Every structure is written in C-alpha cells, then in structure tokens.
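See below for the structure under consideration.
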Amino acid sequence: MTRTILTVDDSPSMRQMVATTLRRGGYTVVEAIDGVDALAHAGRHQDVCLVVTDQNMPRMDGLTLTRELRAQARHARTPILMLTTESSPRMKAAGKAAGLTGWMVKPFDPATLLAVVAKVLG
Amino acid sequence: MHGDDNDSDDRHDDVDFDMSEFLGLFVEEAREHLQEMEALLLALRVETVTPDELNRIFRAAHSIKGGSATFGLHGVTELAHVLESLLDLLRERRLVLTTDMVDALLRGSDMIGAQIGAHEGGPAVDPAEVARLCACIRGLADGGAAPVPAPAPAPAPTTVRAAPAARPIGVEGVAFGFFDDDDDDEEARDASGVEAEAGAMLRTAAATAAEVDPTSTSTASTRDSGSAGSAGSTATPAIPAAIDASKPAGVATSAAEAVPAAAVAAIAVAASPPASTTPASTAPPAAPVVASAPAAESSSIRVGVEKVDQIINLVGELVITQAMLAQGVQSVQGMESVEGGHARRLEMLRAGLEQLERNTRALQEAAMAMRMMPVSTVFHRFPRVVRDVAARLGKEVELKLVGEATELDKGLVERIVDPLTHLVRNSLDHGLEAPAERIARGKPLKGTLTLSASHQGGNVVIEVSDDGRGLDRERILAKARERGIVLGEHPSDAEVWGLIFEAGFSTAERLTEVSGRGVGMDVVRSNIVGLGGRVEIHSEAGVGTRMTVRLPLTLAILDGMSVACGGETFIVPLALIVESLRPARDAIRTLAGQGRVLQLRGRYLPLLSLRELLGLDAPAAAGEDPAAHGDGGDEEGIVIVIDSEETRLALRVDALLGQHQVVIKSLETHYRKVPGISGATIMGDGRVALILDAAGLGRLASRQRRERATAVPSAASAAPAAPVVAAAATPCGDSNRSMSCAIPAMADHAASGARPSHHPLPSAARPAP
C-alpha cells in the first residue's frame, strides 16, 4: 500500500512538479491549491501521512495551514514540510512556532525532495 | 491501488526528470500572473490602495519569482525578486506607494513578459535594460524608505533586501532543514545566527544522504534513495493525463486574453455552464488526483481552430443544399400540372423544408458561435494604452469600457486591435484637451474616453468616443481646399468628417509622438473596410467626437447584394454599399486623365462599368445587337456607390437582384487570386456568384485606364498594343475561366454530386424548371 502525501501550492506548475516528483517516487499524491483546500483534503483523505506545502498562497498561507492542522488531533504529529522561497531567520522561527517539521527552499531538486521525504517518513 | 511489483529500474531515471516538461505550464501561469499584476496596478489608486491589493500584486510577483527560479530563467528571477522586494515593503506599510512606483512596477511586469517571450523565441531582451530597471526599482525601494507611522525598526528595509541577497537562490546544501524539538537552542533569531544555521543545515543534508544510503556519494545516493522510495509503485501513465487534465481550465482564458498570438492555434470553446467539478478532478480515475484549478474558471474545452472551421464549412454547405432544395420545391410548386395528391405531398415537402431551414439556421449560428470571443480580449489592453499615452501627453483621462461581453469573430478580434488602438490614440491626442484648456472651458479636468461594443442588427458596433473639443469643420475644409479635394457647395458634416480618412489627410495635420506614427486615419479606414466593416464619425464642437466602427459578426458569412451584369450574378458586400441610383445623363462626364466620373452632390466619383472591367458580354436580356451597346448602352442599368478601401467609387451594373446572406468560399483555394474578386459563393440555384472586391476593382480600373492611355497612339486595337491590351483583358478571361474551373471543385466539395443536373456554369442558360 502506497503512502499518501498532500501537496499544497497555488501555482499549478510548482504543484505539478512536486506531485509528479512524489508520484515518481512511488507515493500517492493529493493536491490542494491553497490552505483552505488543503484542510478540506486533509479531512477527506484520512491516510495523509505527510504534507508538503507552499507558504505564500491566497486564502490561507502555509503557516496558518500548519497551525490549523496541528490543532487537529489526527494531524498533531503528521510531518509537515514547507517548500518556500523565504528562508529568513524570522520565517524559520515562525515556522518552528507553527509546528513545521522541516523546510526546503524553492527551487528544489527532485532527488533531494524525495530524499527528504524518505527521511521524514522513516 | 497500483501493482506493487513495478520494476523500479525503469523508474531509476524518471526521478531525475526533466523540469522542462513543466515549463509550458509555468509560462502560461506567469503570463496570467503578469496580466493580473497589470490589471491590479492599473486599477488601483495611489491614495486609496489597500493592503489586500498590494498583497495580491506581491503574490503574483512572488509566484513568478519562485517558478522562474525553478526553471532557470534567471533574468526573470532577478527582476521578479526586485519587484517582490519593493512590493513587500509596500504591503508591510514601510513604504508609501507613489505613481512612480506604479510606473516602475508596470515596466517591470512588461519586461518580465518580454523576457518570457524571449525565452519562447521572441526578440531578446537587453540585459543592460533589465539592470537599469532593477536599479531604478531598488532606488525607489531605498529612496522612499522613510519609515511610515508604524514604529518599524529603522534597519528593517535593509534586512528585507539583504535577506534574499544573502541566500542566492538555489544554493545546494542549504536546501532544506528540520526543526527538531531538542534543537531549540540553535534557533536563529537574528542575522548572526544564519551562518551557524546554514552549517547545521549542511550537516543535516549530509546526514540525510548518509542515512538513506551510506555507501554512495551524496548526489548519487539521493537519486538512489528516490528510486528506493519508489518501491511502492508509480502511476506513471496517469501523470501526463493528470497534467493535461489540469491544463484546460486554467489555460483557456489566459490563452484567449493574454496572448492572442499564441491563441491562434486553438480557441477555447465554452461548454455548458460552469460545472461544479473541474474537468481535472474527474479525468484520471486511476489515481485520486484532485488537481483543482483557479476558482474563476469556466467549463471549457480547447479545440483547434481548423476543427471549428471545418464544422462551419460543412454547415455552410448544408445551407447551400437547403437553399437548393427549397428552390427546387418552389419551382415544382409553380407548375400547373401539380394537382390532387401530389399537391398535398408537395405541401408536406415544403413544410419539412421550412423546418430544415430553421434547423440549418440554428446550426449555423451555433457553429459560428464557436468562433466568437468576447470583445474584452481586445479591450483589456486599452487601460494600459490610455494610461501611457495620457501620461505622455500630460492629460488626465478616465477610460470607460462598455459592453465588454459583446462577442465577435476570433478573426476580427485579432485584426481590429490595431485600428482601434489608432482611434484611441487619435482621441487622446487630438480629441481630448489638456487639463488647463478643459478647466478654461468649464469642463471637468479629467477627460473621458469611452470604448463601447454592442450588437446592432447583425453587426458588431465598436465606438470610441471622447468628451473633447470635437473636430474643427473649418480647419478640415481649409485643408481640403489646400489639397485640392473637391467638395460640393454645402457639404454635410458627415462628408466633412469623412475627409479625415482621405489618404495623407490626418498625418500631415500635426505630427506628434503619439498619433503621428506615419500611419494615417486612411489606413485605419482601409483596415476596417478590409474586414468588411466601415467607420463613421460624429462630432460636435466643444462636446466631443464619436468614431463608430461597424463590423460584420463573422468573416465566414457575408450580407451581400446580388447584382446582375452581363448575364452573370455578382455579390457586392452590403457593408460597402453607400447607395444605388439611376444617374441623370448629365451627371456623367468624362474628365481628362480620370476617365468617366459621376457627379454626385457636387463630388466627382470615378464611374466604373463592371461589364467593361471584367470584359463581360452585353446584357443578354436586352436582346439587342451587342454592337448597339457602346457608351450608349452603358448608360442603361443602375449605379451603386461603394466605399472601397482607398476611395468611394460608382459601379455600373445591369440590375440589382436582391439581398442575400452568402457563405464565403475562397477562390484562391479552389482556383487562384483574381483581381477585383474577393471570393465566391454558391447561390441557392447552384450557380456560382463571384464576390466583388471594391478596392480591387478600383485598382483594376486605374490599371486599365493607364494601359489604355499608353495604347492610344496605336489606335487601341492594333497589334503593338496587344501585350498591354492582353494584360488588361486578362481579368476578363480570368474571371470567366475561374468560374468554370472553380465550380467543379466547389460543387464536389459542396454537395458531393447532389447538384441539380443543369450545367452549373454561370454562362449557361438559367436552369429550366
């Protein structure tokens, strides 16, 4: 049984790249276009075992999404990775406070993404 | 859900896949973002800008930056980054937005568009220019960095700029990091912590690689780990499907609006009203892919223009077949021998045909509708044009767009942009007054330019109107006299305004940077006439000017007047016909060097005889010796006044037959280009009628006149003149031959052999009932 990853990005090209990378890595991927959409999917797909999200999105950003997911019992410990162009200390502090598991800068290298995901999922 | 036993070796290379497969998606996306940026920037008011507006512009720049970095479009990334930095300061209220910034941001979005265009094979963008713009925007970000009300820490702006600079995008090694609970102390809270953290990241990266595959070097190991992770399965076949499926919704509108050029190959066909599920979410049942698309999508599919055109062609054939059948029934009905049961059956046939006609018409409209696009795809560029031109002229202008949902043929959409742009520039330059002048005249300081579109009786009407000073009748008349243009005693306003469309009239007026681009209003008119449309002017001194462009709904069907001449039927596009009349004998004169002219309300129009131009026989109906028709015979018949591209001319034909909607067939695809003829159509009786091209006839006439003039010394008919005369005569031969050659091809094409048995040549006798 393959593991399901929820990927969240408002940019279709970026989302496709992440999703395609992960699918080629053997995972089942669920895509969401922003935080609000992601929350809905997280509720619908019970087996989501990792969330890979962008930060800057309309309606709900990645940090808010992280806080919202952490507030749910089911996703209190689900790993959440943020793919972002912002890696300032300020941002990292905020990410940690929100409950992110880790971060990765964009542009990403597909192989590295798979490696990071493999590590997070153990 | 998928087999777990997939051979992972096959996928080994897949993991390191080529990013370029997503490049197209990014380009579409970036264009959408640019368009949104531009629209937002144009719509906002510096004084009342909201954080939400700035945030949305910021997000667009941010997305472009992220995507371009991923795809290695470094020029774009650099510029987008500079824009993003400025926007970040603005949205955080550390800077106050100025008009200069809006200008710079617009220039930036333009340049990114050009950079992306260059990447797609367009003209290259000068890096020096990009650097200059970047420096300018940085200057704006620095210069205006006076901290606004909120107690923003003084060094804040520099931090914001420094942070991204300190992390060159895409540096390997600092690519990711984890927040481990026991790592609390390492948390970086200031700039000094960044380096230590970067070191930690590097260690983590190495650790990750090592953990996954301790035996290999890091690059290879990450790749291996990727395929190791894929031991589950991949839904490889579903991937392209998912990518494709997610495309149409997002792409359709952008193709139509943002890049008319790129949209040539495909047009979006709107399907049923927006469905609740996106096409993407239903497409690949193999995987639970829920590729949601942007919210504002409508349910549509993309099909090639050629497919749509093929349907339109076939419907055209159907219309002809239907007309043919109707005519057949009509002729039988007229026969006296029809009686009793036959009459009843005939009545049924007639009723069925009527229904066929209704259905055919509905089908034709539906097919045409597929080629229709909202005029907003043309209008959306004008806020920018108006803004730029007004700024350059130092005028204050408000642009109003009305009727943006009005639809017109895709072919027209692409070709009306230039003429409309010219009309708008003209209004801004010559129509609207400078602010000081407006105030002096008691008008509001801000001028209003209105672009409106509507459907009026089978036409699309686009109007460009302003509340400016209006046209100066006296100045135009003076200019006309200067240029030797003959007008009647008391020319109407319409005639006077029409003068500005005369060749060379508007350009000589006043050369300005804006409207004096070497292109005159005459070119605008000829472009519009070339589309089968016309343009009119209404103007009132001190109140404003309105330019009305009337276009046919489509380029595939034409409203025409059928005319008879020399036993043939011709179609004159209705839009070109100004009037028709039987001129008094003394209204026709021969002027030296101009040939015959028709005096009409004080103006002289070149008078052409269609029969002479095309070398047709004298009207058979007259039943006289053709020799009796010379100049005298030519005074029979009727004259139609038509607007050709260059000028107005009078065309003599034998008779007007009636008004028809005809399906245009290209003569070139079936035969070849014929001077004076723009196309052909098949009439209800199966005969081919040629569609006249007014401008071509005008050119043909002047060529014949010149040739006749050179031929005169040798008494017109003599051998020495033969080559010239032959050349002049070519069109006659051509047009006849073209008909006979073109018909079999068209007939096959049209009704696959189901033509009536009469000889379809136009020169043949009319079909006997």
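Each chain of the structure tokens is named A, B, ... in the order shown, its residues numbered from 1; ligands are numbered from 1 in display order.
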*Near Gly95 of chain A, counting only C-alpha atoms, which residues have an atom at most 12 Å away, once you skip same-chain residues fewer than 2 positions from it, shown as a ChimeraX atom specification?*
/A:53-55,61-67,80-84,86-93,97-104 /B:177-180,187-188
*Name the residues in contact with Asp47 of chain A at a cut-off of 12 Å, using only C-alpha atoms, excluding same-chain residues fewer than 5 positions from it; report them as a ChimeraX atom specification.*
/A:1-6,27-30,41-42,74-75,78
*Write out as a VMD selection string all residues of chain A that DSSP puts in alpha helix (DSSP H) for this structure's backbone.*
chain A and resid 12 to 24 35 to 44 62 to 70 89 to 98 110 to 120
*Skip segment 82-91 of chain B itself and residues of its chain fewer than 5 positions away, then list as a PyMOL selection string all residues within 7 Å of it, counting only C-alpha atoms.*
chain B and resi 51+54-55+58+61-62+96-97+105+134+137-138+141+161
Let's see if you can do this: from backbone DSSP, list all strand (DSSP E or B) residues in chain A, as a JSON list (two decimals) with N, CA and C atoms, in the first residue's frame.
[["chain", "number", "residue", "atom", "x", "y", "z"],
["A", 4, "THR", "N", 0.25, 8.21, 1.23],
["A", 4, "THR", "CA", -0.38, 9.38, 0.61],
["A", 4, "THR", "C", 0.21, 10.68, 1.14],
["A", 5, "ILE", "N", 0.61, 11.53, 0.21],
["A", 5, "ILE", "CA", 1.18, 12.83, 0.56],
["A", 5, "ILE", "C", 0.25, 13.92, 0.03],
["A", 6, "LEU", "N", 0.00, 14.91, 0.86],
["A", 6, "LEU", "CA", -0.82, 16.05, 0.45],
["A", 6, "LEU", "C", 0.12, 17.18, 0.05],
["A", 7, "THR", "N", 0.04, 17.64, -1.19],
["A", 7, "THR", "CA", 0.90, 18.75, -1.60],
["A", 7, "THR", "C", 0.04, 19.98, -1.87],
["A", 8, "VAL", "N", 0.50, 21.11, -1.33],
["A", 8, "VAL", "CA", -0.30, 22.33, -1.35],
["A", 8, "VAL", "C", 0.48, 23.44, -2.01],
["A", 28, "THR", "N", 1.39, 8.13, -3.36],
["A", 28, "THR", "CA", 0.11, 8.62, -3.85],
["A", 28, "THR", "C", 0.04, 10.09, -3.45],
["A", 29, "VAL", "N", -0.38, 10.93, -4.37],
["A", 29, "VAL", "CA", -0.35, 12.36, -4.09],
["A", 29, "VAL", "C", -1.75, 12.96, -4.20],
["A", 30, "VAL", "N", -2.09, 13.76, -3.22],
["A", 30, "VAL", "CA", -3.33, 14.52, -3.26],
["A", 30, "VAL", "C", -2.91, 15.98, -3.38],
["A", 31, "GLU", "N", -3.54, 16.71, -4.28],
["A", 31, "GLU", "CA", -3.13, 18.10, -4.50],
["A", 31, "GLU", "C", -4.17, 19.08, -3.98],
["A", 32, "ALA", "N", -3.69, 20.17, -3.42],
["A", 32, "ALA", "CA", -4.59, 21.22, -2.95],
["A", 32, "ALA", "C", -4.04, 22.55, -3.42],
["A", 48, "VAL", "N", -3.53, 10.65, 4.87],
["A", 48, "VAL", "CA", -2.43, 11.56, 4.56],
["A", 48, "VAL", "C", -1.35, 11.41, 5.62],
["A", 49, "CYS", "N", -0.13, 11.05, 5.18],
["A", 49, "CYS", "CA", 0.91, 10.82, 6.17],
["A", 49, "CYS", "C", 2.01, 11.86, 6.10],
["A", 50, "LEU", "N", 1.88, 12.80, 5.14],
["A", 50, "LEU", "CA", 2.85, 13.90, 5.06],
["A", 50, "LEU", "C", 2.20, 15.03, 4.27],
["A", 51, "VAL", "N", 2.51, 16.26, 4.72],
["A", 51, "VAL", "CA", 2.01, 17.43, 4.00],
["A", 51, "VAL", "C", 3.22, 18.21, 3.50],
["A", 52, "VAL", "N", 3.23, 18.54, 2.20],
["A", 52, "VAL", "CA", 4.28, 19.40, 1.64],
["A", 52, "VAL", "C", 3.58, 20.66, 1.15],
["A", 53, "THR", "N", 3.87, 21.78, 1.81],
["A", 53, "THR", "CA", 3.10, 22.99, 1.47],
["A", 53, "THR", "C", 3.98, 24.18, 1.11],
["A", 54, "ASP", "N", 3.39, 25.05, 0.33],
["A", 54, "ASP", "CA", 3.98, 26.34, -0.01],
["A", 54, "ASP", "C", 3.61, 27.30, 1.12],
["A", 80, "ILE", "N", 4.97, 17.91, 8.50],
["A", 80, "ILE", "CA", 4.61, 18.97, 7.54],
["A", 80, "ILE", "C", 5.90, 19.64, 7.09],
["A", 81, "LEU", "N", 6.14, 19.60, 5.78],
["A", 81, "LEU", "CA", 7.33, 20.25, 5.21],
["A", 81, "LEU", "C", 6.87, 21.48, 4.45],
["A", 82, "MET", "N", 7.67, 22.54, 4.57],
["A", 82, "MET", "CA", 7.32, 23.73, 3.81],
["A", 82, "MET", "C", 8.33, 23.94, 2.69],
["A", 83, "LEU", "N", 7.79, 24.12, 1.49],
["A", 83, "LEU", "CA", 8.62, 24.45, 0.33],
["A", 83, "LEU", "C", 8.46, 25.95, 0.15],
["A", 84, "THR", "N", 9.55, 26.67, 0.32],
["A", 84, "THR", "CA", 9.38, 28.12, 0.29],
["A", 84, "THR", "C", 10.59, 28.82, -0.29],
["A", 102, "GLY", "N", 9.86, 20.58, 8.93],
["A", 102, "GLY", "CA", 11.07, 20.98, 8.24],
["A", 102, "GLY", "C", 10.75, 21.89, 7.09],
["A", 103, "TRP", "N", 11.77, 22.36, 6.46],
["A", 103, "TRP", "CA", 11.54, 23.26, 5.33],
["A", 103, "TRP", "C", 12.52, 22.91, 4.22],
["A", 104, "MET", "N", 12.20, 23.38, 3.04],
["A", 104, "MET", "CA", 13.04, 23.14, 1.89],
["A", 104, "MET", "C", 12.89, 24.35, 0.98],
["A", 105, "VAL", "N", 14.01, 24.82, 0.43],
["A", 105, "VAL", "CA", 13.89, 26.02, -0.40],
["A", 105, "VAL", "C", 13.49, 25.67, -1.83]]
*Using only C-alpha atoms, which of A:Ala73, A:Val18, A:Val36, A:Ala118 sits nearest chain B?*
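Of A:Ala73, A:Val18, A:Val36, A:Ala118, the one nearest chain B is A:Ala118, counting only C-alpha atoms.
Minimum atom-to-atom distances from A:Ala111, A:Ala76, A:Met57, A:Leu22 to Asp34 of chain A were compared using only C-alpha atoms, and the lowest value belongs to A:Met57.
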*For Thr681 of chain B, the nearest of the candidates B:Glu398, B:Asp142, B:Asp309, B:Asp559, counting only C-alpha atoms*: B:Asp559
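Atom CA of Asp654 of chain B to atom CA of Ala564 of chain B spans 5.5 Å [interatomic distance, one decimal].
Atom CA of Thr548 of chain B is positioned 18.4 Å from atom CA of Arg473 of chain B.
Counting only C-alpha atoms, the residue from B:Asp126, B:Gly533, B:Phe176, B:Arg703 that sits nearest to chain A is B:Phe176.
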*Determine, counting only C-alpha atoms, which protein, DNA and RNA residues have an atom within 12 Å of an atom of Leu574 of chain B; residues of the same chain fewer than 4 positions away are not included. Present the result as a ChimeraX atom specification.*
/B:458-459,529,532-534,551-552,557-563,578-580,640-643,658-662,691-694
*Grab the atom CA of Ser331 of chain B to atom CA of Leu657 of chain B distance for me, in Å with one decimal place.*
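Computing it gives 18.1 Å between the two atoms.
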_Surrounding residues of Pro583 of chain B excluding itself and chain neighbours under 4 positions, 12 Å, only C-alpha atoms, as a VMD selection string_ = chain B and resid 579 587 to 589 597 to 601 607 634 to 641 650 to 652
